[in-house]
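See structure below.
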Amino acid sequence: MSQTVAETKVAVNINDDHCSRCTICSSLCPYDAITQDRDNHRMVLDIEKCQVCGICYSACPAKAIDTIYYSCGSVLKYLEKVKPQYKSDTLVIMCKGSAPDFGEVSKLFGVKDFIPLAVPCVGRISEEVLLGVMVAGIKKIDILACDEDYCRFHRGSPLTGRRVIALNRMLEQLGYGEEAITLKRNSLKVTVDKDLCIACGTCVAYCPYHAPTLTSEGGISFDLDACRGCGLCVALCPAFALDMENWERARISDLIPKLLNEMKPPKILVFRCQWADYPPLNGDMSPNIGTIDMPCAGRVEAVHVLEALQNGADGVMVVACSEDDCKQEGVSAKSEHVVAGIKEKLAQIGLGDKINFSAVSPRYPGQVEAKVREFRQSLEGAGKGAEKGETK
Amino acid sequence: MIVTTLKPLDEILESISPYRKILIAGCDGCTQPPRGIREAKTLKQLLELAGKLKGKEFEFKVTSVVKQCDSVLTTSAIKPYVDDVEAVLSLACGAGPQTVAEFFPDLPVIPAQNSHFIGIDNRQEDKMFDSCSACGDCILALTGGICPVTRCSKGLLNGACGGASNGKCELDPERDCAWELIYERLKRLGRLDLIKKFTPAKDYSAKGWRVTP
């Protein structure tokens, strides 16, 4: 892998000319991806270890770190563009990992209208962004971070907490009131319908965090502090007794035909782990591609893949993190296994080439696009032979 | 658990082809994971997709029975559908379809699973193997919890036969010699005295075909 990578564009770079060797980045990096060279004292980034959380980018006092995703400039530009669409001067910045639907966000912060900005980890949002937003006319910023022990990047949520306290003190002195920036924490976890549970223990067997246990009363009990919201148990529960906040089975089922109706053939529906690829803030979407963000590829279940095909998808892709990047104790690999099982069954009825599993990493931008292109070509190649049978 | 696998979809399609309205009945019982309501729904979707490709339209209903081998549970779960369906496609082990056949004499029933054995699911090593023959006269207390009736190729009650090499059976080099496993386990438990105990020929009438509790 590393050979092809050497030539590829990477998502994070340290600009040595600007670097002051303060080592803040290396002290904050949750993955020890940044170290200081002993001899020349330069900061060195090992991109293979980097998980692209953006914490170093947001914390670098010398602005020596560049990132491709959600940089300060692109966030401000995006807000400037979308602000007129919303009748509000409240901005809600939320981590995708813990953000429920906008209705729930409304309730959480007690705001009716707001401008939403969902990012992978709020730890990547620097003071510069927050202040820049205020300067641009936003009156109130609400930040929704993950519960600290739920943070996919370990330090993103705690760091944001400290950042908000410091900024609020400063803003108060400037006359912006006591709490110009509000921070709340949330996490999205499994929900259990005890009436449907058949106490088979499937969730117990598959949960990487040992959150569920079978009870002596013949039911299931989840330790929600241990649950990390990957959704693997939800996707595997034989009795549909488990569901997941914000990624409810019914909600995804509703979304599938809605997206497919808006798409043009060849229609490719992508179930994307939200940590595997960071889409641009206002990138142009291809009319052939529909994307449903998942909390983890483990949440992808056969029912949804088949619903997509039944509703006219020409192909279904599951985009997961590569095994090294999986934020969920190897759930990505388990997801690959689940998808292989669906593919094997689809192959029996002649539809095996309609599903694709791709493992990618956001550290190399463009990987997903390339995989989608590849899949599309394979679909179009196969489609020519089988078109007659399918258009019926 | 009872180990079953889904039949090839072509075979299922062939078996259900004379019917249009079909009830897919899952079973929440002994397999792991249970072939319950999820499996029933997934199979419905797969068969619908396959039917569409072949120009055949099915009308499926799905349900799941707590234990399809139980007459009361099965009749109460299936009864509400009887007037609306022409056949039942069962996701249970072989006992399930037979329960349906027994209590719904006019309703055709088709198995969707092949049943293999009553066995151990070793998830750590990802293997499953036959471990109980339901012989009706359990001798596990004498054999360190390892069944020679099932796991010894020759079904010897007093082993070992002497034919094993490197712990593998002379008839099937893939298979562990059950009697060697039994010996090792009894040794570990300090109960090698048990291996000297003679087990007379089993009373296979106890295996029987009918038990009245």
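Letters A, B, ... mark the chains of the structure tokens in the order given; residue numbers begin at 1 per chain; ligand numbers begin at 1, in order shown.
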
- Message: Which residues are close to region 126-135 of chain B, i.e. within 7 Å by only C-alpha atoms, leaving aside same-chain residues fewer than 5 positions away? Reply as a PyMOL selection string.
- Response: chain B and resi 117-121+147+150-151+204+207

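Within region 77-186 of chain B, the backbone-based DSSP assignment of strand (DSSP E) covers Ala87, Val88, Leu89, Ser90, Val109, Ile110, Pro111, Gln113, Asn114, Ser115, His116, Phe117, Ile118, Gly119, Ile120, Asp121, Asn122, Lys127, Met128, Phe129, Asp130, Ser131 and Cys132 of chain B.
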
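If you look at CA of Asp16 (chain A) and CA of Leu130 (chain A), they are 25.8 Å away from each other.
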
- Item | Polymer residues at most 8 Å from Tyr86 (chain A), only C-alpha atoms, same-chain spacing of 2 or more positions, as a ChimeraX atom specification | /A:82-84,88,113-115

- Message: What parts of region 253-355 of chain A does DSSP call alpha helix (DSSP H)? I'd like the answer as a PyMOL selection string.
- Response: chain A and resi 253-262+302-310+331-348

Would you export the selected residues with C-alpha atoms as a PDB file, in the first residue's frame, please?
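Below is the file that was written, out_13.pdb:
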ATOM      1  CA  SER A 253     -35.521   2.715   4.790  1.00  0.00           C
ATOM      2  CA  ASP A 254     -37.363   5.980   4.096  1.00  0.00           C
ATOM      3  CA  LEU A 255     -34.241   7.639   2.807  1.00  0.00           C
ATOM      4  CA  ILE A 256     -33.392   4.918   0.274  1.00  0.00           C
ATOM      5  CA  PRO A 257     -36.311   5.379  -2.206  1.00  0.00           C
ATOM      6  CA  LYS A 258     -36.223   9.133  -1.663  1.00  0.00           C
ATOM      7  CA  LEU A 259     -32.595   9.382  -2.742  1.00  0.00           C
ATOM      8  CA  LEU A 260     -33.002   6.899  -5.586  1.00  0.00           C
ATOM      9  CA  ASN A 261     -35.954   8.818  -7.005  1.00  0.00           C
ATOM     10  CA  GLU A 262     -33.820  11.917  -7.290  1.00  0.00           C
ATOM     11  CA  ALA A 302     -28.739  -6.684   4.334  1.00  0.00           C
ATOM     12  CA  VAL A 303     -32.292  -5.352   4.531  1.00  0.00           C
ATOM     13  CA  HIS A 304     -31.168  -1.893   3.407  1.00  0.00           C
ATOM     14  CA  VAL A 305     -28.869  -3.137   0.669  1.00  0.00           C
ATOM     15  CA  LEU A 306     -31.721  -5.221  -0.760  1.00  0.00           C
ATOM     16  CA  GLU A 307     -34.190  -2.358  -0.372  1.00  0.00           C
ATOM     17  CA  ALA A 308     -31.857  -0.219  -2.469  1.00  0.00           C
ATOM     18  CA  LEU A 309     -31.772  -2.820  -5.232  1.00  0.00           C
ATOM     19  CA  GLN A 310     -35.542  -3.264  -5.040  1.00  0.00           C
ATOM     20  CA  VAL A 331     -15.945  -3.575  13.096  1.00  0.00           C
ATOM     21  CA  SER A 332     -14.903  -2.565   9.579  1.00  0.00           C
ATOM     22  CA  ALA A 333     -13.563  -6.077   8.980  1.00  0.00           C
ATOM     23  CA  LYS A 334     -16.757  -7.576  10.372  1.00  0.00           C
ATOM     24  CA  SER A 335     -18.736  -5.386   8.034  1.00  0.00           C
ATOM     25  CA  GLU A 336     -16.724  -6.713   5.117  1.00  0.00           C
ATOM     26  CA  HIS A 337     -17.708 -10.199   6.224  1.00  0.00           C
ATOM     27  CA  VAL A 338     -21.393  -9.222   6.412  1.00  0.00           C
ATOM     28  CA  VAL A 339     -21.287  -7.645   2.955  1.00  0.00           C
ATOM     29  CA  ALA A 340     -19.534 -10.727   1.543  1.00  0.00           C
ATOM     30  CA  GLY A 341     -22.445 -12.785   2.893  1.00  0.00           C
ATOM     31  CA  ILE A 342     -24.980 -10.569   1.119  1.00  0.00           C
ATOM     32  CA  LYS A 343     -22.915 -10.671  -2.070  1.00  0.00           C
ATOM     33  CA  GLU A 344     -22.757 -14.455  -1.973  1.00  0.00           C
ATOM     34  CA  LYS A 345     -26.551 -14.648  -1.804  1.00  0.00           C
ATOM     35  CA  LEU A 346     -27.028 -12.020  -4.504  1.00  0.00           C
ATOM     36  CA  ALA A 347     -24.602 -13.950  -6.713  1.00  0.00           C
ATOM     37  CA  GLN A 348     -26.940 -16.932  -6.521  1.00  0.00           C
TER      38      GLN A 348
END

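Rounded to one decimal, CA of Arg155 (chain A) and CA of Pro30 (chain A) lie 6.4 Å from each other.
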
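Every residue of chain A that lies within 6 Å of chain B is listed here, counting only C-alpha atoms: Pro238, Ala239, Val303 and Ile349 of chain A.
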
Fewer than 4 positions away in the same chain doesn't count, so skip those; otherwise give me all residues within 12 Å of Pro200 (chain B), counting only C-alpha atoms, as a PDB file with C-alpha atoms, in the first residue's frame.
ATOM      1  CA  ASP B 137     -28.776 -42.809  26.649  1.00  0.00           C
ATOM      2  CA  ILE B 139     -22.705 -41.465  28.645  1.00  0.00           C
ATOM      3  CA  LEU B 156     -16.915 -47.008  19.950  1.00  0.00           C
ATOM      4  CA  LEU B 157     -18.188 -47.059  23.502  1.00  0.00           C
ATOM      5  CA  ASN B 158     -14.936 -48.519  24.806  1.00  0.00           C
ATOM      6  CA  TYR B 204     -30.661 -48.013  21.307  1.00  0.00           C
TER       7      TYR B 204
END

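Relative to CA of Phe357 (chain A), CA of Cys203 (chain A) is found at 22.9 Å.
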